[in-house]
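Visitor: Supplied in structure tokens, the structure appears directly below.
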Amino acid sequence: MYCDAPQVAVHPVVRVHPETGERALFVSPGSTTRVTGFSELESRHLLELLFQHPTSAEYTVRFRWEPGSIALWDNRSTCHFAPTDFAHLDVDRVMHRFTVLGEPAQGPDGFVTRLVAGEPLRAW
């Protein structure tokens, strides 16, 4: 779905998975810009630390692509960082991305994602 006005929302930093109850970091270098309640400097330092955490070897998986492979992940508890070390391979990599609409993120304290600007995503 193409969106003229990007969404701006306040999310919990830690979200509770709605099906498993597990807690997971809910931050992304591509979309998280600030932690509310902290100064800009404190927020930047905290986010740098949090952005490094999910890329630690103990939390990563490397999917080995083969012809016909399909990979799906649950963004409610997983981060996707595309590898950049496949350019030397003589194969095309085609990716089609889609998002399954679901419930807003909820934190352990009960805080629920709040849309600040833009339109909510809608099913086609």
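All residue names refer to the structure tokens as shown: chains lettered A, B, ... in order, residues numbered from 1 in each chain, ligands numbered from 1 in order.
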Any idea what's packed within 12 Å of Val91 of chain A, counting only C-alpha atoms, ignoring anything in its chain fewer than 6 positions away? Could you give it as a PyMOL selection string?
Guide: chain A and resi 65-67
Visitor: What would the file look like if the residues just selected were written as a PDB file, in the first residue's frame with C-alpha atoms?
Guide:
ATOM      1  CA  TRP A  65      18.694 -19.024   0.231  1.00  0.00           C
ATOM      2  CA  GLU A  66      18.117 -21.688  -2.397  1.00  0.00           C
ATOM      3  CA  PRO A  67      15.973 -21.606  -5.557  1.00  0.00           C
TER       4      PRO A  67
END
Visitor: Sorted by chain and rising residue number, which residues of segment 59-83 of chain A lie within 12 Å of segment 27-37 of chain A, and what are their closest atom pairs and distances in Å to one decimal, counting only C-alpha atoms, as JSON lines?
Guide:
{"residue": "A:Asn75", "atom": "CA", "partner": "A:Ser28", "partner_atom": "CA", "distance": 10.8}
{"residue": "A:Arg76", "atom": "CA", "partner": "A:Val27", "partner_atom": "CA", "distance": 10.8}
{"residue": "A:Ser77", "atom": "CA", "partner": "A:Val27", "partner_atom": "CA", "distance": 10.5}
{"residue": "A:Thr78", "atom": "CA", "partner": "A:Val27", "partner_atom": "CA", "distance": 10.3}
{"residue": "A:Cys79", "atom": "CA", "partner": "A:Ser28", "partner_atom": "CA", "distance": 7.6}
{"residue": "A:His80", "atom": "CA", "partner": "A:Ser28", "partner_atom": "CA", "distance": 9.3}
{"residue": "A:Phe81", "atom": "CA", "partner": "A:Ser28", "partner_atom": "CA", "distance": 9.9}
Visitor: Taking only C-alpha atoms into account, name the residue in A:Asp90, A:Leu115, A:Ser39, A:Leu25 that is nearest to Thr55 of chain A.
Guide: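 Nearest candidate to Thr55 of chain A out of A:Asp90, A:Leu115, A:Ser39, A:Leu25: A:Leu25.
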